[in-house]
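Only one structure is covered here, and it is reproduced in the block below.
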Amino acid sequence: MHDHRYVGDPRPEVGADLDLGAVRAFLAVVDDRYFGAAADRLRISQQAVSKRVATLERDLGVRLFTRTPQGAALTVDGQAFLPHARDLIRLAERAVGSVQPRRRALRVDVLNRRIGPAALLRDFHRAYPETDLDVVTLVESDAAAAIAAVEAGTIDATFRAVTVPPAALPPDVRAVRVLDDPHQLLTGPAHPLAAAPHVTMADLPGLRIWIPGIVPGTEWAAYYDALAGEFGLTIERIGPNFGTDHLLDVLADSSTLTSLVGAKTRMLWPPTHDLRRIPVLDPTPVYPHFLIWRTDNPHPGLALLRRHIASASHDHSAGRTWVPDGTAEPVAP
């Protein structure tokens, strides 16, 4: 029984790096049997193929081929290495494809998968189902963290309420106000305002408006602080945040608690809850969502998303609206 290992050569270290070009040369020789044919396939010289295979054999510490009149034949070690070599090249191709703008999914961050931007992305996906879309929610929940993620390339775009002036953004990042989500008053059937066709901002002071889970320092905390300060509202943040379903359960049984929700926020509850979503007017408070992206991002899906947003209406409420002071005007992205 022949030993095809290089006698006297040191064995390669565990985890030794392999040259993918050499692995491709090995596979070309396997498939074509002749070094000359492999060279034609790879569009390099036969000498270059021989050198790459020799380098691979040296790195592995074994002989992969023997020469025969019928061409190169795999040794026992070559046969053992072959399936792994094919896996290496397939994995390398997938790795490269994962970062190719035309092949990987467009990665877009939203604050919550229930709110307005998520609905906009669902509309975008229905309009362009061939565009792969990866909708994510960042662990960090403030606009600064989302902007940093866009700058770093962790995500392609994000929807956030931007409180910093455009001049304070990184030079290659743009933020454009693209979606205003009007707020509605959410009540249970026993609340005194449950039957109202609408309410005005003048009706809200004195109401117990419960919005659990507001985290100090976040963009939505800044928004609700500004809203409460402008109109003298009482926004309660007490109690643990058990999620949207718990909020809906509590409101359904309460004659005193209310909440504020975006008109485009997706909420489902049992028919027995009989909750009411009441428009708020004069003015209508709207949450200003900005699309934030790198201006040098080449992903074709990003350009398509921006065109889709530009073709939609920015104004989702009739009459006067309110946003915090200093909020940029909506424009086409």
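Chains: A, B, ... in order of the structure tokens. Residues: from 1 per chain. Ligands: from 1, in order shown.
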Next item on the list: Name the residues in contact with stretch 205-207 of chain A at a cut-off of 9 Å, using only C-alpha atoms, excluding same-chain residues fewer than 2 positions from it; report them as a ChimeraX atom specification.
Entry: /A:201-203,209,228,231-235,256-258
Just to be explicit: take each residue in the selection above, keep N, CA, C and O atoms, and write the result as a compact mmCIF listing (two decimals), in the first residue's frame.
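Result file follows (part_28.txt):
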```txt
# COMPACT_ATOMS: atom_id res chain seq x y z
N MET A 201 -57.27 68.25 20.50
CA MET A 201 -56.20 68.30 21.50
C MET A 201 -56.68 68.99 22.77
O MET A 201 -56.21 68.67 23.86
N ALA A 202 -57.66 69.88 22.65
CA ALA A 202 -58.19 70.57 23.84
C ALA A 202 -58.96 69.61 24.74
O ALA A 202 -59.16 69.90 25.93
N ASP A 203 -59.38 68.45 24.21
CA ASP A 203 -60.11 67.46 25.02
C ASP A 203 -59.17 66.56 25.83
O ASP A 203 -59.64 65.86 26.74
N ILE A 209 -53.56 59.18 30.05
CA ILE A 209 -53.04 58.58 28.81
C ILE A 209 -51.89 57.66 29.19
O ILE A 209 -50.83 58.13 29.64
N ALA A 228 -46.48 66.30 25.41
CA ALA A 228 -47.09 66.57 26.71
C ALA A 228 -46.83 68.01 27.13
O ALA A 228 -47.73 68.68 27.67
N PHE A 231 -49.08 70.60 25.05
CA PHE A 231 -50.53 70.63 25.21
C PHE A 231 -51.00 70.32 26.64
O PHE A 231 -52.19 70.19 26.88
N GLY A 232 -50.06 70.23 27.58
CA GLY A 232 -50.42 70.00 28.97
C GLY A 232 -51.03 68.63 29.22
O GLY A 232 -51.98 68.51 30.03
N LEU A 233 -50.52 67.61 28.56
CA LEU A 233 -51.07 66.27 28.70
C LEU A 233 -50.43 65.54 29.88
O LEU A 233 -49.30 65.84 30.28
N THR A 234 -51.15 64.57 30.39
CA THR A 234 -50.62 63.68 31.42
C THR A 234 -50.40 62.31 30.77
O THR A 234 -51.37 61.60 30.47
N ILE A 235 -49.14 61.97 30.51
CA ILE A 235 -48.81 60.69 29.90
C ILE A 235 -48.17 59.82 30.96
O ILE A 235 -47.08 60.12 31.47
N THR A 256 -61.25 54.73 32.66
CA THR A 256 -60.47 55.94 32.90
C THR A 256 -59.20 56.01 32.05
O THR A 256 -58.76 57.11 31.71
N LEU A 257 -58.62 54.89 31.73
CA LEU A 257 -57.35 54.90 30.98
C LEU A 257 -57.59 55.02 29.48
O LEU A 257 -58.56 54.48 28.92
N THR A 258 -56.71 55.75 28.81
CA THR A 258 -56.67 55.82 27.36
C THR A 258 -55.21 55.63 26.92
O THR A 258 -54.30 55.53 27.75
```
Next item on the list: Name all residues at most 10 Å from stretch 159-163 of chain A (count only C-alpha atoms; drop same-chain ones fewer than 6 positions away) and give them as a ChimeraX atom specification.
Entry: /A:108-112,116-118,141-144,146-147,169,175-179,218-220,222-223,287-293,324-328
Checklist line | All strand (DSSP E or B) positions in stretch 103-234 of chain A, as a VMD selection string | finding: chain A and resid 106 to 109 133 to 136 157 to 160 173 to 187 199 to 200 208 to 210
Same residues, N, CA, C and O atoms, output as a short mmCIF file (atom, residue, chain, number, x, y, z; two decimals), in the first residue's frame:
```cif
data_model
loop_
_atom_site.label_atom_id
_atom_site.label_comp_id
_atom_site.auth_asym_id
_atom_site.auth_seq_id
_atom_site.Cartn_x
_atom_site.Cartn_y
_atom_site.Cartn_z
N LEU A 106 -32.14 43.53 0.99
CA LEU A 106 -32.08 44.90 1.49
C LEU A 106 -32.44 44.87 2.97
O LEU A 106 -33.52 44.42 3.34
N ARG A 107 -31.53 45.35 3.82
CA ARG A 107 -31.72 45.26 5.27
C ARG A 107 -32.18 46.62 5.81
O ARG A 107 -31.43 47.59 5.77
N VAL A 108 -33.43 46.67 6.30
CA VAL A 108 -34.03 47.92 6.75
C VAL A 108 -34.45 47.77 8.20
O VAL A 108 -35.11 46.80 8.58
N ASP A 109 -34.10 48.75 9.00
CA ASP A 109 -34.41 48.76 10.43
C ASP A 109 -35.66 49.59 10.69
O ASP A 109 -35.86 50.66 10.10
N LEU A 133 -36.13 41.38 1.06
CA LEU A 133 -36.21 42.39 2.10
C LEU A 133 -35.98 41.74 3.45
O LEU A 133 -36.61 40.73 3.78
N ASP A 134 -35.08 42.31 4.24
CA ASP A 134 -34.80 41.83 5.60
C ASP A 134 -35.15 42.96 6.56
O ASP A 134 -34.42 43.94 6.66
N VAL A 135 -36.30 42.85 7.23
CA VAL A 135 -36.76 43.88 8.16
C VAL A 135 -36.28 43.52 9.56
O VAL A 135 -36.57 42.43 10.05
N VAL A 136 -35.53 44.41 10.19
CA VAL A 136 -34.93 44.13 11.48
C VAL A 136 -35.30 45.23 12.47
O VAL A 136 -35.74 46.32 12.10
N ALA A 157 -30.72 50.90 5.63
CA ALA A 157 -31.54 52.08 5.90
C ALA A 157 -32.28 51.86 7.20
O ALA A 157 -32.41 50.74 7.69
N THR A 158 -32.79 52.96 7.75
CA THR A 158 -33.60 52.89 8.96
C THR A 158 -34.68 53.95 8.90
O THR A 158 -34.54 54.97 8.20
N PHE A 159 -35.77 53.70 9.61
CA PHE A 159 -36.83 54.70 9.78
C PHE A 159 -36.78 55.16 11.23
O PHE A 159 -36.98 54.36 12.15
N ARG A 160 -36.54 56.44 11.45
CA ARG A 160 -36.43 57.00 12.80
C ARG A 160 -36.96 58.42 12.82
O ARG A 160 -37.06 59.08 11.78
N VAL A 173 -24.35 60.43 5.18
CA VAL A 173 -25.66 59.93 5.62
C VAL A 173 -26.70 61.01 5.39
O VAL A 173 -26.48 62.19 5.70
N ARG A 174 -27.84 60.61 4.85
CA ARG A 174 -28.93 61.55 4.62
C ARG A 174 -30.17 61.09 5.37
O ARG A 174 -30.44 59.89 5.45
N ALA A 175 -30.90 62.04 5.93
CA ALA A 175 -32.16 61.75 6.63
C ALA A 175 -33.26 62.63 6.05
O ALA A 175 -33.12 63.86 6.02
N VAL A 176 -34.33 61.99 5.59
CA VAL A 176 -35.41 62.72 4.94
C VAL A 176 -36.74 62.29 5.56
O VAL A 176 -37.01 61.09 5.71
N ARG A 177 -37.54 63.26 5.94
CA ARG A 177 -38.86 62.98 6.51
C ARG A 177 -39.80 62.48 5.41
O ARG A 177 -40.09 63.20 4.46
N VAL A 178 -40.26 61.23 5.56
CA VAL A 178 -41.01 60.61 4.48
C VAL A 178 -42.41 60.14 4.89
O VAL A 178 -43.23 59.84 4.03
N LEU A 179 -42.68 60.05 6.19
CA LEU A 179 -43.97 59.49 6.61
C LEU A 179 -44.42 60.13 7.91
O LEU A 179 -43.72 60.05 8.92
N ASP A 180 -45.57 60.76 7.89
CA ASP A 180 -46.20 61.29 9.10
C ASP A 180 -47.32 60.34 9.50
O ASP A 180 -48.25 60.11 8.73
N ASP A 181 -47.24 59.82 10.72
CA ASP A 181 -48.26 58.89 11.20
C ASP A 181 -49.13 59.61 12.24
O ASP A 181 -48.67 59.89 13.35
N PRO A 182 -50.39 59.94 11.90
CA PRO A 182 -51.24 60.67 12.84
C PRO A 182 -51.61 59.82 14.04
O PRO A 182 -51.83 58.61 13.92
N HIS A 183 -51.69 60.45 15.19
CA HIS A 183 -52.07 59.74 16.40
C HIS A 183 -53.59 59.67 16.55
O HIS A 183 -54.31 60.58 16.16
N GLN A 184 -54.03 58.57 17.14
CA GLN A 184 -55.43 58.39 17.49
C GLN A 184 -55.51 58.11 18.99
O GLN A 184 -54.56 57.60 19.59
N LEU A 185 -56.66 58.43 19.57
CA LEU A 185 -56.90 58.10 20.97
C LEU A 185 -57.51 56.70 21.02
O LEU A 185 -58.48 56.40 20.32
N LEU A 186 -56.95 55.85 21.83
CA LEU A 186 -57.42 54.48 21.97
C LEU A 186 -58.11 54.32 23.32
O LEU A 186 -57.50 54.61 24.36
N THR A 187 -59.37 53.88 23.31
CA THR A 187 -60.13 53.73 24.57
C THR A 187 -60.90 52.41 24.57
O THR A 187 -61.13 51.79 23.51
N VAL A 199 -61.89 63.60 18.65
CA VAL A 199 -61.57 64.48 19.77
C VAL A 199 -60.58 65.52 19.28
O VAL A 199 -59.94 65.35 18.23
N THR A 200 -60.46 66.61 20.01
CA THR A 200 -59.45 67.63 19.71
C THR A 200 -58.37 67.59 20.78
O THR A 200 -58.55 67.00 21.86
N ARG A 208 -56.17 60.36 31.53
CA ARG A 208 -55.08 59.46 31.89
C ARG A 208 -54.65 58.71 30.62
O ARG A 208 -55.33 57.80 30.16
N ILE A 209 -53.56 59.18 30.05
CA ILE A 209 -53.04 58.58 28.81
C ILE A 209 -51.89 57.66 29.19
O ILE A 209 -50.83 58.13 29.64
N TRP A 210 -52.09 56.39 29.02
CA TRP A 210 -51.11 55.40 29.47
C TRP A 210 -50.33 54.86 28.27
O TRP A 210 -50.91 54.28 27.35
#
```
Note to self: Which residues are close to A:Leu247, i.e. within 9 Å by only C-alpha atoms, leaving aside same-chain residues fewer than 3 positions away? Reply as a count of residues only.
What the structure shows: 11
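As for atom CA of A:Ala39 and atom CA of A:Ala80, they are spaced 23.3 Å apart.
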Margin query: Given only C-alpha atoms as the basis, pick out the residue of A:Glu130, A:Asp59, A:Asp87, A:Asp123 nearest to A:Arg104.
Written below: A:Glu130
Item checked: Distance query A:Val49 at most 10 Å, only C-alpha atoms, self and fewer than 6 positions along chain excluded, as a PyMOL selection string -> chain A and resi 21-22+24-26+28-29+35-40+42-43+55
Keeping only N, CA, C and O atoms, write the selected residues to a file as an mmCIF file, in the first residue's frame.
```
data_model
loop_
_atom_site.group_PDB
_atom_site.id
_atom_site.type_symbol
_atom_site.label_atom_id
_atom_site.label_comp_id
_atom_site.auth_asym_id
_atom_site.auth_seq_id
_atom_site.Cartn_x
_atom_site.Cartn_y
_atom_site.Cartn_z
ATOM 1 N N GLY A 21 -7.705 30.062 -4.611
ATOM 2 C CA GLY A 21 -7.293 29.935 -6.011
ATOM 3 C C GLY A 21 -6.661 28.582 -6.273
ATOM 4 O O GLY A 21 -6.884 27.966 -7.325
ATOM 5 N N ALA A 22 -5.900 28.093 -5.302
ATOM 6 C CA ALA A 22 -5.297 26.766 -5.444
ATOM 7 C C ALA A 22 -6.362 25.682 -5.380
ATOM 8 O O ALA A 22 -6.292 24.675 -6.104
ATOM 9 N N ARG A 24 -9.448 26.028 -6.366
ATOM 10 C CA ARG A 24 -10.136 26.060 -7.660
ATOM 11 C C ARG A 24 -9.306 25.362 -8.737
ATOM 12 O O ARG A 24 -9.855 24.673 -9.610
ATOM 13 N N ALA A 25 -7.997 25.561 -8.701
ATOM 14 C CA ALA A 25 -7.131 24.877 -9.659
ATOM 15 C C ALA A 25 -7.219 23.368 -9.470
ATOM 16 O O ALA A 25 -7.282 22.601 -10.444
ATOM 17 N N PHE A 26 -7.223 22.906 -8.239
ATOM 18 C CA PHE A 26 -7.360 21.474 -7.933
ATOM 19 C C PHE A 26 -8.654 20.927 -8.532
ATOM 20 O O PHE A 26 -8.665 19.877 -9.194
ATOM 21 N N ALA A 28 -10.464 22.177 -10.961
ATOM 22 C CA ALA A 28 -10.430 22.221 -12.429
ATOM 23 C C ALA A 28 -9.677 21.023 -12.987
ATOM 24 O O ALA A 28 -10.087 20.429 -13.997
ATOM 25 N N VAL A 29 -8.585 20.636 -12.345
ATOM 26 C CA VAL A 29 -7.833 19.456 -12.790
ATOM 27 C C VAL A 29 -8.669 18.191 -12.595
ATOM 28 O O VAL A 29 -8.688 17.287 -13.441
ATOM 29 N N PHE A 35 -3.913 19.085 -16.904
ATOM 30 C CA PHE A 35 -3.530 20.408 -16.413
ATOM 31 C C PHE A 35 -3.719 21.464 -17.503
ATOM 32 O O PHE A 35 -4.102 22.601 -17.214
ATOM 33 N N GLY A 36 -3.447 21.088 -18.762
ATOM 34 C CA GLY A 36 -3.633 22.041 -19.846
ATOM 35 C C GLY A 36 -5.077 22.444 -20.023
ATOM 36 O O GLY A 36 -5.399 23.621 -20.210
ATOM 37 N N ALA A 37 -5.988 21.472 -19.932
ATOM 38 C CA ALA A 37 -7.412 21.771 -20.052
ATOM 39 C C ALA A 37 -7.896 22.612 -18.874
ATOM 40 O O ALA A 37 -8.718 23.522 -19.024
ATOM 41 N N ALA A 38 -7.373 22.289 -17.679
ATOM 42 C CA ALA A 38 -7.721 23.088 -16.505
ATOM 43 C C ALA A 38 -7.245 24.525 -16.668
ATOM 44 O O ALA A 38 -7.935 25.473 -16.270
ATOM 45 N N ALA A 39 -6.056 24.700 -17.261
ATOM 46 C CA ALA A 39 -5.526 26.051 -17.485
ATOM 47 C C ALA A 39 -6.434 26.833 -18.435
ATOM 48 O O ALA A 39 -6.689 28.019 -18.231
ATOM 49 N N ASP A 40 -6.923 26.154 -19.487
ATOM 50 C CA ASP A 40 -7.831 26.830 -20.420
ATOM 51 C C ASP A 40 -9.120 27.240 -19.705
ATOM 52 O O ASP A 40 -9.647 28.328 -19.933
ATOM 53 N N LEU A 42 -9.528 27.956 -16.537
ATOM 54 C CA LEU A 42 -9.263 29.042 -15.585
ATOM 55 C C LEU A 42 -8.661 30.278 -16.251
ATOM 56 O O LEU A 42 -8.488 31.304 -15.592
ATOM 57 N N ARG A 43 -8.305 30.140 -17.538
ATOM 58 C CA ARG A 43 -7.705 31.242 -18.295
ATOM 59 C C ARG A 43 -6.386 31.698 -17.680
ATOM 60 O O ARG A 43 -6.123 32.904 -17.540
ATOM 61 N N THR A 55 1.352 24.115 -4.529
ATOM 62 C CA THR A 55 1.238 24.893 -3.291
ATOM 63 C C THR A 55 0.192 24.278 -2.370
ATOM 64 O O THR A 55 0.390 24.161 -1.157
#
```
